[in-house]
Amino acid sequence: MTSKLPSKYLQAIRHDDSLPIEEEAVNLWLKDLDNSFRWVLRPILQLFFAALLHIVWFIKRLPLPQFSAHQFLQKTICWFCTHFVSPEANFLILRHFATESNILNFLAENTDNDHRVNLYPKTINDMLSNTFVNHDEELFECFIQLGKSNTNDSQAEQLHWSSWQAIKMDEFSIERKKTQILDFETSHALFMCLFCFLLKRDEYRDAINGFNLDQSIAIRIGRIIGEPNLSEYAYNKYPQYLLGPWNLGQRFLMHGFFTEHLYAKLEQLRLNELSKTTK
């Protein structure tokens, strides 16, 4: 019995390397796309929770006392990931911590800045301490520490990689359960309202606008490695223009792709340099 082949388009994107991306990430994403719940359950849930998110967003913007529950938020997310989020989606989440940590560390190290990010969870339980809140705060702190871009973002004569941690999929561990059926985008649709409700209004506003720093990251790293067109990787742009929760699912997903593309670009650059020095 022959197995069903993916569509021609999915075969095409599996082989397309015009944008740098690691094969492991492509395989995880294509398997996530093959999840039937993504095509049946996701549209319904996204519609419902997008409407609910805007209601929660409105309530949180009212002049009411603010509250947050970071630990409860993180414990709930990790419990949900453990029991209901597909292994492929969980691996993509863990990869995202690593890709962004590497990118920010590379940027800091090659602009003579001491700030380092150490968010490299290998299991779902690791995310209880390497939290999504810390993930956002580290991004903002990195830019605060970096300061003005024109003072130190110039093409480097020699690139530095001492803070870089190459992603090795065999280091990640996910305990597979039969109930883990939800794809990446459906899972995010379920998380959105919880994040908005359990963070203070400015915390959540900053978190969903942090994606727009993708363009700034690409511009700065493009100057360092001498590739000014690197900002084409960024879907989220113009950080001074603050956005609300509209189209959040797509912006979140494209932020994930951005870090995968930029990580793969830098990793290939690192390996090329390493091969030259070992010859």
# chains A, B, ... in the order shown; residues from 1 in each chain; ligands from 1
>>> residues_around(residues="Leu10 in chain A", least_positions_apart="3", cutoff="12 Å", atoms="only C-alpha atoms", output="short mmCIF file (atom, residue, chain, number, x, y, z; two decimals) with C-alpha atoms, in the first residue's frame")
data_model
loop_
_atom_site.label_atom_id
_atom_site.label_comp_id
_atom_site.auth_asym_id
_atom_site.auth_seq_id
_atom_site.Cartn_x
_atom_site.Cartn_y
_atom_site.Cartn_z
CA LEU A 5 2.11 11.99 -1.02
CA PRO A 6 1.85 15.62 0.14
CA SER A 7 0.46 18.13 -2.31
CA ILE A 13 8.17 24.33 0.04
CA ARG A 14 9.96 21.30 1.47
CA HIS A 15 12.62 21.73 -1.23
CA ASP A 16 12.69 25.54 -1.34
CA VAL A 26 10.66 22.56 8.03
CA ASN A 27 9.80 18.96 8.88
CA TRP A 29 6.11 22.67 10.44
CA LEU A 30 4.98 20.44 7.58
CA LYS A 31 3.91 17.78 10.05
CA LEU A 33 0.29 21.52 8.78
CA ASP A 34 -0.79 17.92 8.27
#
>>> closest_residue(among="A:Arg42, A:Lys200, A:Arg223, A:His70", to="Ser129 in chain A", atoms="only C-alpha atoms")
A:His70
>>> closest_residue(among="A:Asn134, A:Ile217, A:Tyr204, A:Phe172", to="Leu146 in chain A", atoms="only C-alpha atoms")
A:Ile217
>>> residues_around(residues="range 181-194 of chain A", least_positions_apart="6", cutoff="8 Å", atoms="only C-alpha atoms", output="count of residues only")
24
>>> select_by_dssp(residues="range 69-274 of chain A", states="alpha helix (DSSP H)", output="VMD selection string")
chain A and resid 70 to 83 87 to 109 132 to 146 184 to 198 201 to 209 213 to 225 248 to 274
>>> write_last_selection(atoms="C-alpha atoms", output="short mmCIF file (atom, residue, chain, number, x, y, z; two decimals), in the first residue's frame")
data_model
loop_
_atom_site.label_atom_id
_atom_site.label_comp_id
_atom_site.auth_asym_id
_atom_site.auth_seq_id
_atom_site.Cartn_x
_atom_site.Cartn_y
_atom_site.Cartn_z
CA HIS A 70 2.87 35.15 35.99
CA GLN A 71 3.41 31.87 37.79
CA PHE A 72 -0.15 30.68 37.35
CA LEU A 73 -0.01 31.68 33.69
CA GLN A 74 3.16 29.72 33.08
CA LYS A 75 2.01 26.66 35.01
CA THR A 76 -1.24 26.61 33.04
CA ILE A 77 0.58 26.89 29.71
CA CYS A 78 3.03 24.12 30.60
CA TRP A 79 0.21 21.85 31.80
CA PHE A 80 -1.69 22.48 28.58
CA CYS A 81 1.42 21.85 26.45
CA THR A 82 2.11 18.62 28.32
CA HIS A 83 -1.35 17.20 27.80
CA PRO A 87 4.82 17.15 20.01
CA GLU A 88 5.64 19.01 16.77
CA ALA A 89 4.16 22.25 18.11
CA ASN A 90 5.97 21.79 21.43
CA PHE A 91 9.28 21.28 19.65
CA LEU A 92 8.66 24.45 17.64
CA ILE A 93 8.00 26.37 20.87
CA LEU A 94 11.22 25.08 22.46
CA ARG A 95 13.15 25.91 19.30
CA HIS A 96 11.82 29.45 19.41
CA PHE A 97 13.34 30.10 22.82
CA ALA A 98 16.70 28.91 21.50
CA THR A 99 16.58 30.75 18.15
CA GLU A 100 15.76 34.11 19.71
CA SER A 101 18.23 33.69 22.57
CA ASN A 102 21.00 32.96 20.07
CA ILE A 103 20.07 35.94 17.90
CA LEU A 104 20.03 38.38 20.81
CA ASN A 105 23.28 37.00 22.22
CA PHE A 106 24.97 37.26 18.83
CA LEU A 107 23.80 40.86 18.50
CA ALA A 108 25.02 41.80 21.97
CA GLU A 109 28.34 39.97 21.68
CA PHE A 132 7.41 33.48 28.15
CA VAL A 133 7.33 36.61 30.31
CA ASN A 134 11.11 36.44 30.77
CA HIS A 135 11.43 35.83 27.04
CA ASP A 136 9.77 39.19 26.31
CA GLU A 137 11.59 41.06 29.06
CA GLU A 138 14.98 39.82 27.84
CA LEU A 139 14.23 41.15 24.37
CA PHE A 140 13.40 44.61 25.72
CA GLU A 141 16.39 44.63 28.07
CA CYS A 142 18.68 43.72 25.19
CA PHE A 143 17.59 46.80 23.24
CA ILE A 144 17.84 49.01 26.32
CA GLN A 145 21.42 47.82 26.87
CA LEU A 146 22.38 48.10 23.18
CA PHE A 184 0.66 25.20 16.82
CA GLU A 185 -1.83 27.84 15.65
CA THR A 186 -4.84 26.32 17.43
CA SER A 187 -2.83 26.18 20.64
CA HIS A 188 -1.85 29.83 20.30
CA ALA A 189 -5.50 30.78 19.75
CA LEU A 190 -6.30 29.16 23.11
CA PHE A 191 -3.39 30.93 24.87
CA MET A 192 -4.13 34.48 23.65
CA CYS A 193 -6.93 35.39 26.05
CA LEU A 194 -5.17 33.83 29.02
CA PHE A 195 -2.08 35.95 28.38
CA CYS A 196 -4.15 39.09 28.04
CA PHE A 197 -6.11 38.39 31.23
CA LEU A 198 -3.19 37.32 33.45
CA ARG A 201 -2.37 45.79 30.42
CA ASP A 202 1.00 47.38 29.61
CA GLU A 203 2.81 44.04 29.96
CA TYR A 204 0.51 42.47 27.40
CA ARG A 205 0.59 45.49 25.10
CA ASP A 206 4.40 45.41 25.16
CA ALA A 207 4.50 41.65 24.59
CA ILE A 208 2.36 41.74 21.44
CA ASN A 209 4.29 44.72 20.08
CA LEU A 213 11.44 44.72 16.88
CA ASP A 214 12.14 41.95 14.35
CA GLN A 215 12.92 44.56 11.72
CA SER A 216 15.28 46.40 14.07
CA ILE A 217 17.10 43.18 14.92
CA ALA A 218 17.51 42.34 11.24
CA ILE A 219 18.81 45.83 10.42
CA ARG A 220 21.38 45.74 13.22
CA ILE A 221 22.61 42.23 12.44
CA GLY A 222 22.60 43.02 8.72
CA ARG A 223 25.07 45.83 9.40
CA ILE A 224 27.28 43.55 11.47
CA ILE A 225 27.53 40.79 8.86
CA LEU A 248 -2.19 38.61 16.46
CA GLY A 249 -2.06 34.94 15.42
CA GLN A 250 -0.39 35.69 12.09
CA ARG A 251 2.02 38.24 13.58
CA PHE A 252 3.02 35.72 16.26
CA LEU A 253 3.57 32.96 13.71
CA MET A 254 5.60 35.20 11.41
CA HIS A 255 7.78 36.23 14.35
CA GLY A 256 8.56 32.55 14.83
CA PHE A 257 9.48 32.15 11.17
CA PHE A 258 11.66 35.26 11.37
CA THR A 259 13.77 33.86 14.20
CA GLU A 260 14.07 30.50 12.42
CA HIS A 261 15.25 32.20 9.20
CA LEU A 262 17.73 34.47 10.97
CA TYR A 263 19.04 31.68 13.20
CA ALA A 264 19.62 29.44 10.15
CA LYS A 265 21.38 32.29 8.34
CA LEU A 266 23.74 32.93 11.24
CA GLU A 267 24.33 29.24 11.94
CA GLN A 268 25.36 28.67 8.33
CA LEU A 269 27.69 31.67 8.59
CA ARG A 270 29.19 30.25 11.79
CA LEU A 271 29.72 26.82 10.23
CA ASN A 272 31.34 28.38 7.15
CA GLU A 273 33.76 30.31 9.33
CA LEU A 274 34.47 27.20 11.38
#
>>> atom_distance(atom1="CA of Ile55 in chain A", atom2="CA of Trp246 in chain A")
11.8 Å
>>> closest_residue(among="A:Pro63, A:Gln165, A:Tyr241, A:Glu157", to="Val117 in chain A", atoms="only C-alpha atoms")
A:Gln165
